[in-house]
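See below for entry26.txt, which holds compact mmCIF, C-alpha atoms.
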# COMPACT_ATOMS: atom_id res chain seq x y z
CA MET V 869 28.73 128.32 188.25
CA ALA V 870 27.75 129.49 184.75
CA ARG V 871 24.41 130.98 183.81
CA PHE V 872 23.20 130.15 180.30
CA GLY V 873 20.25 131.86 178.65
CA TYR V 874 17.86 130.32 176.16
CA ALA V 875 15.40 132.34 174.06
CA ARG V 876 12.88 131.00 171.56
CA VAL V 877 10.09 132.22 169.35
CA SER V 878 7.89 130.03 167.19
CA SER V 879 8.23 131.70 163.79
CA THR V 880 10.78 133.65 161.78
CA ASP V 881 8.72 136.85 161.76
CA GLN V 882 8.68 137.07 165.57
CA ASP V 883 11.28 139.11 167.48
CA LEU V 884 13.67 137.77 170.12
CA ALA V 885 14.88 141.20 171.32
CA ILE V 886 12.81 141.40 174.54
CA GLN V 887 13.80 137.91 175.66
CA LEU V 888 17.47 138.52 174.86
CA ALA V 889 17.47 141.79 176.83
CA LYS V 890 15.87 140.11 179.88
CA LEU V 891 18.32 137.21 179.77
CA LYS V 892 21.27 139.58 179.54
CA ALA V 893 19.90 141.62 182.46
CA ALA V 894 19.60 138.36 184.45
CA GLY V 895 23.36 137.86 184.14
CA CYS V 896 23.49 135.17 181.47
CA GLU V 897 27.03 134.85 180.17
CA VAL V 898 26.06 132.81 177.12
CA ILE V 899 22.69 133.14 175.39
CA ARG V 900 21.47 130.81 172.67
CA SER V 901 18.34 131.55 170.67
CA GLU V 902 16.28 130.03 167.90
CA LYS V 903 13.13 130.50 165.90
CA MET V 904 11.52 127.08 166.16
CA SER V 905 8.30 125.52 167.38
CA GLY V 906 8.24 124.59 171.06
CA LYS V 907 6.15 121.47 170.64
CA SER V 908 9.18 119.16 170.82
CA ALA V 909 12.62 119.57 172.42
CA ASP V 910 14.11 117.09 169.96
CA ASP V 911 14.04 119.48 167.00
CA ARG V 912 15.85 122.43 168.58
CA PRO V 913 19.61 122.42 167.92
CA GLU V 914 20.39 125.52 170.03
CA LEU V 915 18.70 124.00 173.08
CA ALA V 916 20.65 120.77 172.49
CA THR V 917 23.89 122.77 172.37
CA VAL V 918 23.13 124.48 175.69
CA MET V 919 22.26 121.13 177.27
CA GLN V 920 25.66 119.72 176.23
CA PHE V 921 27.51 122.51 178.04
CA LEU V 922 25.59 122.45 181.33
CA ARG V 923 27.71 121.30 184.27
CA GLU V 924 27.12 120.88 188.00
CA GLY V 925 26.06 124.15 189.61
CA ASP V 926 25.10 125.78 186.26
CA GLU V 927 21.74 127.35 185.53
CA LEU V 928 19.71 127.51 182.35
CA VAL V 929 17.59 130.67 182.35
CA VAL V 930 14.43 131.23 180.30
CA VAL V 931 12.09 134.22 180.38
CA ARG V 932 8.95 132.04 180.59
CA LEU V 933 8.52 128.29 180.82
CA ASP V 934 6.69 128.10 177.47
CA ARG V 935 9.92 129.34 175.81
CA LEU V 936 11.56 126.11 176.98
CA GLY V 937 8.73 123.90 175.74
CA ARG V 938 5.00 123.47 175.29
CA SER V 939 4.93 119.77 176.11
CA THR V 940 4.78 118.84 179.79
CA ARG V 941 6.70 115.65 179.05
CA ASP V 942 9.51 117.55 177.29
CA VAL V 943 9.77 120.10 180.10
CA LEU V 944 9.85 117.40 182.78
CA ASN V 945 12.44 115.41 180.82
CA LEU V 946 14.61 118.53 180.59
CA VAL V 947 14.22 119.22 184.33
CA HIS V 948 15.23 115.60 185.02
CA GLU V 949 18.27 116.07 182.78
CA PHE V 950 19.20 119.25 184.71
CA ASP V 951 18.94 117.30 187.97
CA GLN V 952 21.20 114.54 186.66
CA LYS V 953 23.81 117.11 185.67
CA GLY V 954 23.51 118.91 189.02
CA ALA V 955 22.23 122.00 187.17
CA ALA V 956 19.02 123.96 187.61
CA LEU V 957 16.40 125.72 185.53
CA ARG V 958 15.58 129.35 186.38
CA ILE V 959 12.42 131.00 185.04
CA LEU V 960 12.23 134.79 185.15
CA ASP V 961 8.45 135.18 184.81
CA PRO V 962 7.24 134.05 187.32
CA GLU V 963 10.55 134.00 189.20
CA LEU V 964 11.35 130.45 190.28
CA THR V 965 14.04 127.82 190.12
CA THR V 966 14.11 124.03 190.11
CA GLY V 967 16.89 124.17 192.68
CA GLY V 968 14.34 123.14 195.32
CA ASP V 969 11.37 120.77 195.60
CA VAL V 970 8.74 123.54 195.48
CA GLY V 971 10.25 124.87 192.25
CA ARG V 972 9.97 121.44 190.61
CA ILE V 973 6.30 121.16 191.57
CA VAL V 974 5.55 124.64 190.21
CA VAL V 975 7.41 123.84 186.96
CA THR V 976 5.30 120.70 186.57
CA VAL V 977 2.08 122.70 186.97
CA LEU V 978 3.28 125.46 184.62
CA GLY V 979 4.28 122.81 182.07
CA MET V 980 0.78 121.37 182.14
CA VAL V 981 -0.70 124.86 181.69
CA ALA V 982 1.61 125.55 178.71
CA GLU V 983 0.59 122.27 177.08
CA MET V 984 -3.10 122.98 177.67
CA GLU V 985 -2.66 126.46 176.19
CA ARG V 986 -1.06 124.95 173.07
CA LYS V 987 -4.04 122.61 172.67
CA PHE V 988 -6.43 125.57 172.94
CA ILE V 989 -4.44 127.46 170.29
CA LEU V 990 -4.62 124.48 167.92
CA GLU V 991 -8.36 124.11 168.54
CA ARG V 992 -8.95 127.81 167.78
CA GLN V 993 -6.79 127.51 164.67
CA ARG V 994 -8.78 124.48 163.45
CA ALA V 995 -12.07 126.29 164.12
CA GLY V 996 -10.83 129.32 162.17
CA ILE V 997 -9.78 127.16 159.22
CA GLU V 998 -13.16 125.39 159.19
CA ALA V 999 -14.96 128.75 159.25
CA ALA V 1000 -12.76 130.05 156.41
CA LYS V 1001 -13.43 126.90 154.38
CA ALA V 1002 -17.17 127.25 154.95
CA ALA V 1003 -16.98 130.87 153.77
CA GLY V 1004 -14.97 129.80 150.72
CA VAL V 1005 -11.95 131.93 151.60
CA TYR V 1006 -9.44 129.29 152.76
CA ALA V 1007 -6.81 128.36 150.20
CA GLY V 1008 -4.49 126.33 152.41
CA LYS V 1009 -1.33 127.01 154.38
CA GLY V 1010 1.00 129.55 152.86
CA ARG V 1011 -1.17 130.33 149.84
CA PRO V 1012 -2.99 133.59 149.38
CA ARG V 1013 -6.75 133.60 149.20
CA SER V 1014 -7.91 133.66 145.61
CA MET V 1015 -9.68 136.87 144.60
CA PRO V 1016 -13.26 136.39 143.32
CA GLU V 1017 -12.45 138.40 140.17
CA GLU V 1018 -15.28 136.96 138.09
CA GLU V 1019 -17.79 137.87 140.79
CA ILE V 1020 -16.31 141.39 141.05
CA ARG V 1021 -16.63 141.88 137.29
CA ARG V 1022 -20.15 140.45 137.20
CA ARG V 1023 -21.33 142.75 139.99
CA HIS V 1024 -19.65 145.78 138.41
CA ALA V 1025 -21.22 145.03 135.00
CA ALA V 1026 -24.59 144.82 136.77
CA GLY V 1027 -24.10 148.36 138.02
CA GLU V 1028 -22.79 147.85 141.56
CA GLY V 1029 -20.19 150.35 142.70
CA PRO V 1030 -16.76 149.35 144.04
CA THR V 1031 -17.65 150.14 147.67
CA ALA V 1032 -20.80 148.01 147.54
CA ILE V 1033 -18.88 145.16 145.88
CA ALA V 1034 -16.11 145.32 148.49
CA ARG V 1035 -18.64 145.30 151.32
CA ALA V 1036 -20.63 142.40 149.84
CA LEU V 1037 -17.54 140.24 149.23
CA GLN V 1038 -15.79 141.31 152.45
CA ILE V 1039 -12.67 142.46 150.63
CA SER V 1040 -10.91 145.81 150.34
CA ARG V 1041 -11.92 148.39 147.75
CA ARG V 1042 -8.34 148.29 146.52
CA SER V 1043 -8.85 144.62 145.60
CA VAL V 1044 -11.98 145.57 143.66
CA TYR V 1045 -10.14 148.32 141.76
CA ARG V 1046 -7.25 145.98 141.01
CA ALA V 1047 -9.57 143.30 139.60
CA LEU V 1048 -11.38 145.87 137.45
CA LYS V 1049 -8.13 147.47 136.30
CA ASP V 1050 -6.73 144.10 135.19
CA VAL V 1051 -9.60 143.65 132.71
CA ALA V 1052 -9.89 147.25 131.50
CA SER V 1053 -9.29 147.28 127.76
CA PRO V 1054 -7.13 149.98 126.13
CA GLY V 1055 -10.22 152.00 125.13
CA THR V 1056 -11.87 151.93 128.57
CA VAL V 1057 -10.99 153.48 131.88
CA ALA V 1058 -11.20 151.51 135.12
CA PRO V 1059 -12.87 153.31 138.02
CA SER V 1060 -10.52 155.34 140.16
CA PRO V 1061 -10.37 154.87 143.93
CA LYS V 1062 -12.16 158.23 144.30
CA GLN V 1063 -15.24 156.88 142.52
CA VAL V 1064 -17.63 155.30 145.00

Can you present the structure in this file as C-alpha cells?
Amino acid sequence: MARFGYARVSSTDQDLAIQLAKLKAAGCEVIRSEKMSGKSADDRPELATVMQFLREGDELVVVRLDRLGRSTRDVLNLVHEFDQKGAALRILDPELTTGGDVGRIVVTVLGMVAEMERKFILERQRAGIEAAKAAGVYAGKGRPRSMPEEEIRRRHAAGEGPTAIARALQISRRSVYRALKDVASPGTVAPSPKQV
C-alpha cells in the first residue's frame, strides 16, 4: 500500500509549505503539489498524475477536502474513481477516510460545504467589485487603480494640504506627494513628506 500526498493552493503567491509538512508527517511517500484553482479537477495536471499511479490499497492524502476540490461533483467523481481503483481518500483535517461508508457520507457533506463556501467567496468578490466601481476606484483585474492626479493637483492649488487631500481621496500621503512631485517644475519645490 502506497500513500500519496496532494497539496494545492489557488494562486502563485500562496505558500504550500504547511500542507507539504503535514503530508510528509502523515507518511506520504510521494507528494505532488500545484498552484491552481480548485474549481475543476480537469485542469490540474499534478492531480491527474497522482490519479494515474493509484493502485488497489493505496491512499491519496490531502490536508483538507477543499484542497482536493471546491466542486461537490468533482470531489464525488474523484471518490468514485478511488473506489473503482480499490484506493481510498484520507483527509487530515478533520481526520477521516473514504475507506468506509461513514467516511463517504462525511466527504459528500464536506464537499457540499466547500462548494457553498466558494459561492460565498465569489458573491463577496462581486459585491466588492461593484462597490469599487461605484466609488470609481476599480480598474479591472490585474490593473492598478489609476491615481486621481488632476484632482490632487487641483486641491493642492486651491490650498489644501497633502494630509487633507489624502484623507479626502482615501489614498496615502505618499501618493499625494508623488503626484505633486511629478508636476513640480525645475524652479519649484514639491512639498516634502514632513509638510502637513

Any idea what the distance is between atom CA of Leu933 of chain V and atom CA of Met980 of chain V?
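About the pair atom CA of Leu933 of chain V and atom CA of Met980 of chain V: they are 10.5 Å apart.
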
Show me the residues close to (5.8, 123.8, 186.7) - anything with an atom within 10 Å, counting only C-alpha atoms - and format the list as a list in words.
Leu933, Thr940, Val943, Leu944, Val947, Ile959, Leu964, Thr965, Thr966, Val970, Gly971, Arg972, Ile973, Val974, Val975, Thr976, Val977, Leu978, Gly979, Met980, Val981 and Ala982 of chain V

To one decimal in Å, tell me the separation between atom CA of Asp961 of chain V and atom CA of Glu991 of chain V.
25.9 Å

With all atoms listed in the file as the atoms that count, which of V:Glu983, V:Ser879, V:Leu928, V:Asp951 lies nearest to Ser908 of chain V?
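Closest to Ser908 of chain V, using all atoms listed in the file: V:Glu983.
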
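Between atom CA of His948 of chain V and atom CA of Met984 of chain V the separation is 21.1 Å.
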